[in-house]
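Inspection log for the structure reproduced underneath, given as structure tokens.
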Amino acid sequence: MQAIIIDDELHCRDVLQMLLARYCPEVTVMASCAGPDEGLNAIEKLQPELVFLDVEMPGMNGFELLEHCTRRSFAIIFTTAYDQYAIKAIRQSALDFLLKPVDKDELIQSVRKAFSQAHQTVPRVDNLLEFLHRHLQHNERIALPTVEGLRMMPVKDIVYCESEGGYTKVFLQHQGKPALICRTLKEVEDTLRDKGFFRVHNSYLINLSYMYKYIKGDGGEIIMSDGKSIPVSRNRKQDFLTRIERL
């Protein structure tokens with residue numbers, strides 16, 4: 001089976017290619033692409049039977065790449081570093097994924113499944129894109145008022161929100177300084193509740209996609225992807241655990 005790898009991280013591409021050579025000799029890697037534009041060109045030019053596709057890449061994520069791809073008659077194995085909503089969308093569409101760092105046994109199993117999916121993935125990809133458009137709205141931006149005026153924020157870049165009296169601090173991915181919003185946390189929660197966010201504490205609203213792990217305790221605490229520790233209040237613990245079980 002001829003394959004290409006599309007991932008903006010060189011280390012991830014090299015490790016995956018090494019694992020394939022060692023444990024999946026039936027897969028021949030024709031190209032290792034450092035970004036979505038290079039990946040699109042490789043798909044059109046090389047016509048692979050299998051594509052290993054990173055979910056999060058700068059400029060264009062894996063889902064957006066598929067929207068721009070005119071040829072989709074190949075098996076897809078997504079790779080992701082723990083994005084719950086990406087995983088939910090992928091599972092919903094009966095496609096396969098690997099969590100980073102890639103486990104060799106899971107890789108072997110995914111490659112075996114890919115043999116039966118080759119040349120039959122167009123309906124599944126279409127279902128995935130339809131699901132994203134209907135439920136995840138991954139390119140959606142919202143307008144939130146600051147003291148300087150309205151600020152447009154990509155929903156997917158909001159990591160968590162913290163109450164600051166009658167205001168709310170919004171922490172964005174790759175930005176150290178939070179934005180101060182002229183809305184209460186309850187008002188922000190009403191805007192974001194159905195977009196993958198959950199109020200885990202009177203003072204905190206989190207984007208579940210950026211949750212790294214949950215540590216048990218009286219209420220427990222959540223470690224976010226940026227290392228921030230966020231408490232879970234006792235009266236919200238059960239609702240929170242029920243919510244993440246549905247992811």
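Chain labels run A, B, ... following the order of the structure tokens; each chain numbers its residues from 1, and ligands are numbered from 1 in the order shown.
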Within 7 Å of region 22-29 of chain A, counting only C-alpha atoms, which residues show up once you throw out same-chain ones fewer than 4 positions away? Write them as a PyMOL selection string, please. chain A and resi 1-4+18+108
For the residues in the current selection, export N, CA and C atoms as a PDB file, in the first residue's frame.
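And here's out35.pdb as it stands now:
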```
ATOM      1  N   MET A   1       0.846  -1.184   0.000  1.00  0.00           N
ATOM      2  CA  MET A   1       0.000   0.000   0.000  1.00  0.00           C
ATOM      3  C   MET A   1       0.887   1.241   0.000  1.00  0.00           C
ATOM      4  N   GLN A   2       0.650   2.121  -0.945  1.00  0.00           N
ATOM      5  CA  GLN A   2       1.447   3.343  -1.063  1.00  0.00           C
ATOM      6  C   GLN A   2       0.804   4.445  -0.228  1.00  0.00           C
ATOM      7  N   ALA A   3       1.638   5.132   0.560  1.00  0.00           N
ATOM      8  CA  ALA A   3       1.110   6.103   1.517  1.00  0.00           C
ATOM      9  C   ALA A   3       1.913   7.390   1.506  1.00  0.00           C
ATOM     10  N   ILE A   4       1.285   8.453   2.026  1.00  0.00           N
ATOM     11  CA  ILE A   4       1.999   9.693   2.301  1.00  0.00           C
ATOM     12  C   ILE A   4       1.669  10.119   3.736  1.00  0.00           C
ATOM     13  N   MET A  18       9.484   5.650  10.695  1.00  0.00           N
ATOM     14  CA  MET A  18      10.301   4.583  11.265  1.00  0.00           C
ATOM     15  C   MET A  18       9.445   3.415  11.731  1.00  0.00           C
ATOM     16  N   ILE A 108      -0.327  -0.843  13.783  1.00  0.00           N
ATOM     17  CA  ILE A 108      -0.508  -2.089  13.027  1.00  0.00           C
ATOM     18  C   ILE A 108      -1.986  -2.361  12.788  1.00  0.00           C
TER      19      ILE A 108
END
```
Extract, using only C-alpha atoms, all DNA, RNA and protein residues at most 7 Å from Pro145 (chain A), discarding same-chain residues fewer than 3 positions from it, and format them as an mmCIF file with N, CA and C atoms, in the first residue's frame.
```cif
data_model
loop_
_atom_site.group_PDB
_atom_site.id
_atom_site.type_symbol
_atom_site.label_atom_id
_atom_site.label_comp_id
_atom_site.auth_asym_id
_atom_site.auth_seq_id
_atom_site.Cartn_x
_atom_site.Cartn_y
_atom_site.Cartn_z
ATOM 1 N N GLY A 149 -13.557 47.767 22.498
ATOM 2 C CA GLY A 149 -14.551 47.516 21.464
ATOM 3 C C GLY A 149 -14.732 46.020 21.259
ATOM 4 N N LEU A 150 -15.401 45.621 20.185
ATOM 5 C CA LEU A 150 -15.636 44.208 19.915
ATOM 6 C C LEU A 150 -14.355 43.528 19.435
ATOM 7 N N ARG A 151 -14.142 42.328 19.926
ATOM 8 C CA ARG A 151 -12.989 41.541 19.483
ATOM 9 C C ARG A 151 -13.481 40.220 18.926
ATOM 10 N N ILE A 181 -12.908 40.544 28.911
ATOM 11 C CA ILE A 181 -14.197 40.705 28.239
ATOM 12 C C ILE A 181 -15.196 41.366 29.186
ATOM 13 N N CYS A 182 -15.957 42.294 28.651
ATOM 14 C CA CYS A 182 -16.959 43.022 29.446
ATOM 15 C C CYS A 182 -18.258 42.225 29.530
#
```
Pick the closest to Ile206 (chain A) from A:Lys45, A:His174, A:Arg234, A:Lys169: which is it, counting only C-alpha atoms? A:Lys169
Mind the document's chain letters and residue numbers, and return as a ChimeraX atom specification the residues of region 150-227 of chain A that DSSP labels strand (DSSP E). /A:150-154,158-164,167-172,179-181,197-201,204-207,211-215,221-224
Within 12 Å of Leu10 (chain A), counting only C-alpha atoms, which residues qualify if same-chain residues fewer than 6 places away don't, as a ChimeraX atom specification? /A:16-17,32-35,54
Can you tell me which residues surround Gln47 (chain A) at a distance of at most 9 Å, considering only C-alpha atoms, apart from same-chain residues fewer than 4 positions away, and format the answer as a list of chain:residue names?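 Near neighbours after the sequence-gap exclusion: A:Gln2, A:Ala3, A:Ala42, A:Ile43, A:Arg71, A:Ser73, A:Phe74.
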How would the residues just picked look written out with C-alpha atoms as a PDB file, in the first residue's frame?
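Saved file result.pdb follows:
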```
ATOM      1  CA  GLN A   2       1.447   3.343  -1.063  1.00  0.00           C
ATOM      2  CA  ALA A   3       1.110   6.103   1.517  1.00  0.00           C
ATOM      3  CA  ALA A  42       1.375  15.178  -3.056  1.00  0.00           C
ATOM      4  CA  ILE A  43      -2.142  13.723  -2.987  1.00  0.00           C
ATOM      5  CA  ARG A  71      -9.520  13.419  -4.995  1.00  0.00           C
ATOM      6  CA  SER A  73     -10.323   7.815  -3.028  1.00  0.00           C
ATOM      7  CA  PHE A  74      -7.807   6.788  -0.376  1.00  0.00           C
TER       8      PHE A  74
END
```
Rank A:Asp8, A:Val188, A:Arg91, A:Arg236 by their smallest atom-to-atom distance to Pro58 (chain A), using only C-alpha atoms, and report the top residue only.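 Once distances to Pro58 (chain A) are computed over only C-alpha atoms, the minimum belongs to A:Asp8.
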Could you check how far CA of Glu221 (chain A) sits from CA of Ser233 (chain A), in Å to one decimal?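 If I compute the distance from CA of Glu221 (chain A) to CA of Ser233 (chain A), I get 8.6 Å.
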If you run DSSP on the backbone, which residues of region 29-111 of chain A are helix (DSSP H, G or I), as a VMD selection string? chain A and resid 36 to 46 62 to 68 84 to 92 104 to 111
Put those residues in a file: N, CA and C atoms, as an mmCIF file, in the first residue's frame.
```cif
data_model
loop_
_atom_site.group_PDB
_atom_site.id
_atom_site.type_symbol
_atom_site.label_atom_id
_atom_site.label_comp_id
_atom_site.auth_asym_id
_atom_site.auth_seq_id
_atom_site.Cartn_x
_atom_site.Cartn_y
_atom_site.Cartn_z
ATOM 1 N N PRO A 36 0.072 21.390 4.943
ATOM 2 C CA PRO A 36 -1.118 21.072 4.140
ATOM 3 C C PRO A 36 -0.969 21.361 2.658
ATOM 4 N N ASP A 37 -0.326 22.458 2.292
ATOM 5 C CA ASP A 37 -0.179 22.771 0.869
ATOM 6 C C ASP A 37 0.673 21.714 0.163
ATOM 7 N N GLU A 38 1.776 21.350 0.818
ATOM 8 C CA GLU A 38 2.625 20.298 0.267
ATOM 9 C C GLU A 38 1.867 18.975 0.206
ATOM 10 N N GLY A 39 1.051 18.735 1.233
ATOM 11 C CA GLY A 39 0.272 17.509 1.269
ATOM 12 C C GLY A 39 -0.750 17.428 0.157
ATOM 13 N N LEU A 40 -1.448 18.535 -0.102
ATOM 14 C CA LEU A 40 -2.425 18.561 -1.185
ATOM 15 C C LEU A 40 -1.771 18.264 -2.531
ATOM 16 N N ASN A 41 -0.614 18.874 -2.758
ATOM 17 C CA ASN A 41 0.101 18.636 -4.016
ATOM 18 C C ASN A 41 0.508 17.170 -4.142
ATOM 19 N N ALA A 42 0.953 16.576 -3.021
ATOM 20 C CA ALA A 42 1.375 15.178 -3.056
ATOM 21 C C ALA A 42 0.197 14.246 -3.328
ATOM 22 N N ILE A 43 -0.955 14.549 -2.745
ATOM 23 C CA ILE A 43 -2.142 13.723 -2.987
ATOM 24 C C ILE A 43 -2.519 13.743 -4.462
ATOM 25 N N GLU A 44 -2.531 14.936 -5.054
ATOM 26 C CA GLU A 44 -2.923 15.057 -6.460
ATOM 27 C C GLU A 44 -1.888 14.407 -7.383
ATOM 28 N N LYS A 45 -0.622 14.555 -7.037
ATOM 29 C CA LYS A 45 0.434 14.065 -7.918
ATOM 30 C C LYS A 45 0.684 12.570 -7.767
ATOM 31 N N LEU A 46 0.711 12.081 -6.536
ATOM 32 C CA LEU A 46 1.112 10.700 -6.271
ATOM 33 C C LEU A 46 -0.051 9.725 -6.169
ATOM 34 N N GLY A 62 -6.259 19.476 9.200
ATOM 35 C CA GLY A 62 -6.482 18.301 8.376
ATOM 36 C C GLY A 62 -7.863 18.247 7.756
ATOM 37 N N PHE A 63 -8.866 18.700 8.495
ATOM 38 C CA PHE A 63 -10.229 18.688 7.967
ATOM 39 C C PHE A 63 -10.371 19.678 6.806
ATOM 40 N N GLU A 64 -9.766 20.858 6.964
ATOM 41 C CA GLU A 64 -9.818 21.856 5.892
ATOM 42 C C GLU A 64 -9.069 21.360 4.661
ATOM 43 N N LEU A 65 -7.980 20.630 4.887
ATOM 44 C CA LEU A 65 -7.244 20.054 3.751
ATOM 45 C C LEU A 65 -8.164 19.145 2.944
ATOM 46 N N LEU A 66 -8.938 18.310 3.635
ATOM 47 C CA LEU A 66 -9.832 17.398 2.930
ATOM 48 C C LEU A 66 -10.895 18.155 2.140
ATOM 49 N N GLU A 67 -11.332 19.303 2.670
ATOM 50 C CA GLU A 67 -12.323 20.097 1.931
ATOM 51 C C GLU A 67 -11.741 20.616 0.622
ATOM 52 N N HIS A 68 -10.421 20.875 0.617
ATOM 53 C CA HIS A 68 -9.763 21.389 -0.588
ATOM 54 C C HIS A 68 -9.302 20.280 -1.519
ATOM 55 N N GLN A 84 -10.425 16.011 21.758
ATOM 56 C CA GLN A 84 -11.627 15.200 21.968
ATOM 57 C C GLN A 84 -12.670 15.412 20.875
ATOM 58 N N TYR A 85 -12.837 16.660 20.416
ATOM 59 C CA TYR A 85 -13.889 16.902 19.443
ATOM 60 C C TYR A 85 -13.497 16.442 18.053
ATOM 61 N N ALA A 86 -12.199 16.502 17.753
ATOM 62 C CA ALA A 86 -11.748 15.918 16.491
ATOM 63 C C ALA A 86 -11.987 14.415 16.510
ATOM 64 N N ILE A 87 -11.669 13.775 17.631
ATOM 65 C CA ILE A 87 -11.874 12.325 17.761
ATOM 66 C C ILE A 87 -13.349 11.980 17.621
ATOM 67 N N LYS A 88 -14.206 12.780 18.248
ATOM 68 C CA LYS A 88 -15.642 12.527 18.161
ATOM 69 C C LYS A 88 -16.114 12.585 16.713
ATOM 70 N N ALA A 89 -15.643 13.576 15.966
ATOM 71 C CA ALA A 89 -16.044 13.717 14.566
ATOM 72 C C ALA A 89 -15.529 12.559 13.731
ATOM 73 N N ILE A 90 -14.287 12.152 13.990
ATOM 74 C CA ILE A 90 -13.689 11.057 13.230
ATOM 75 C C ILE A 90 -14.441 9.754 13.496
ATOM 76 N N ARG A 91 -14.726 9.477 14.764
ATOM 77 C CA ARG A 91 -15.467 8.264 15.109
ATOM 78 C C ARG A 91 -16.863 8.287 14.501
ATOM 79 N N GLN A 92 -17.511 9.441 14.524
ATOM 80 C CA GLN A 92 -18.861 9.576 13.994
ATOM 81 C C GLN A 92 -18.903 9.182 12.524
ATOM 82 N N LYS A 104 2.808 1.394 18.497
ATOM 83 C CA LYS A 104 3.054 0.494 17.368
ATOM 84 C C LYS A 104 1.913 -0.503 17.167
ATOM 85 N N ASP A 105 1.335 -1.005 18.250
ATOM 86 C CA ASP A 105 0.244 -1.978 18.115
ATOM 87 C C ASP A 105 -1.000 -1.325 17.520
ATOM 88 N N GLU A 106 -1.293 -0.098 17.949
ATOM 89 C CA GLU A 106 -2.428 0.617 17.371
ATOM 90 C C GLU A 106 -2.167 0.955 15.903
ATOM 91 N N LEU A 107 -0.923 1.265 15.579
ATOM 92 C CA LEU A 107 -0.561 1.535 14.189
ATOM 93 C C LEU A 107 -0.790 0.301 13.325
ATOM 94 N N ILE A 108 -0.327 -0.843 13.783
ATOM 95 C CA ILE A 108 -0.508 -2.089 13.027
ATOM 96 C C ILE A 108 -1.986 -2.361 12.788
ATOM 97 N N GLN A 109 -2.805 -2.177 13.827
ATOM 98 C CA GLN A 109 -4.238 -2.417 13.700
ATOM 99 C C GLN A 109 -4.876 -1.443 12.711
ATOM 100 N N SER A 110 -4.475 -0.177 12.773
ATOM 101 C CA SER A 110 -5.045 0.836 11.875
ATOM 102 C C SER A 110 -4.672 0.559 10.430
ATOM 103 N N VAL A 111 -3.439 0.135 10.207
ATOM 104 C CA VAL A 111 -3.012 -0.163 8.835
ATOM 105 C C VAL A 111 -3.797 -1.346 8.283
#
```
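Across the model, the gap from CA of Ala81 (chain A) to CA of Glu56 (chain A) is 8.6 Å.
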So that I can see what lies close to Ser163 (chain A), please list as a list in words the residues with an atom at most 12 Å from it, counting only C-alpha atoms and leaving out residues fewer than 6 positions away in the same chain. Lys169, Val170, Phe171, Pro178, Ala179, Leu180, Ile181, Cys182, Arg183, Thr184, Leu185, Lys186, Glu187, Val188, Glu189, Arg199, His201, Asn202, Ser203, Tyr204, Leu205 and Ile206 of chain A
Export of the given selection (C-alpha atoms) as a CSV table (one decimal), in the first residue's frame:
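The resulting file, out26.csv, is shown below:
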```
chain,number,residue,atom,x,y,z
A,169,LYS,CA,-10.6,36.7,31.3
A,170,VAL,CA,-10.4,34.7,28.1
A,171,PHE,CA,-7.3,32.7,27.6
A,178,PRO,CA,-5.7,36.9,28.4
A,179,ALA,CA,-8.4,39.1,26.8
A,180,LEU,CA,-10.6,41.0,29.3
A,181,ILE,CA,-14.2,40.7,28.2
A,182,CYS,CA,-17.0,43.0,29.4
A,183,ARG,CA,-19.3,40.1,30.2
A,184,THR,CA,-19.9,37.9,33.2
A,185,LEU,CA,-18.7,34.3,33.1
A,186,LYS,CA,-22.4,33.3,33.0
A,187,GLU,CA,-23.0,35.4,29.9
A,188,VAL,CA,-19.9,33.9,28.2
A,189,GLU,CA,-21.0,30.4,29.2
A,199,ARG,CA,-18.6,25.2,33.4
A,201,HIS,CA,-16.4,25.8,38.7
A,202,ASN,CA,-18.1,29.1,39.6
A,203,SER,CA,-14.9,30.8,38.3
A,204,TYR,CA,-14.0,28.6,35.3
A,205,LEU,CA,-15.4,27.6,31.9
A,206,ILE,CA,-13.2,25.3,30.0
```
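Closest approach to Arg124 (chain A) among A:Ile5, A:Met152, A:Val51, A:Ile76 is made by A:Ile76 (distances from only C-alpha atoms).
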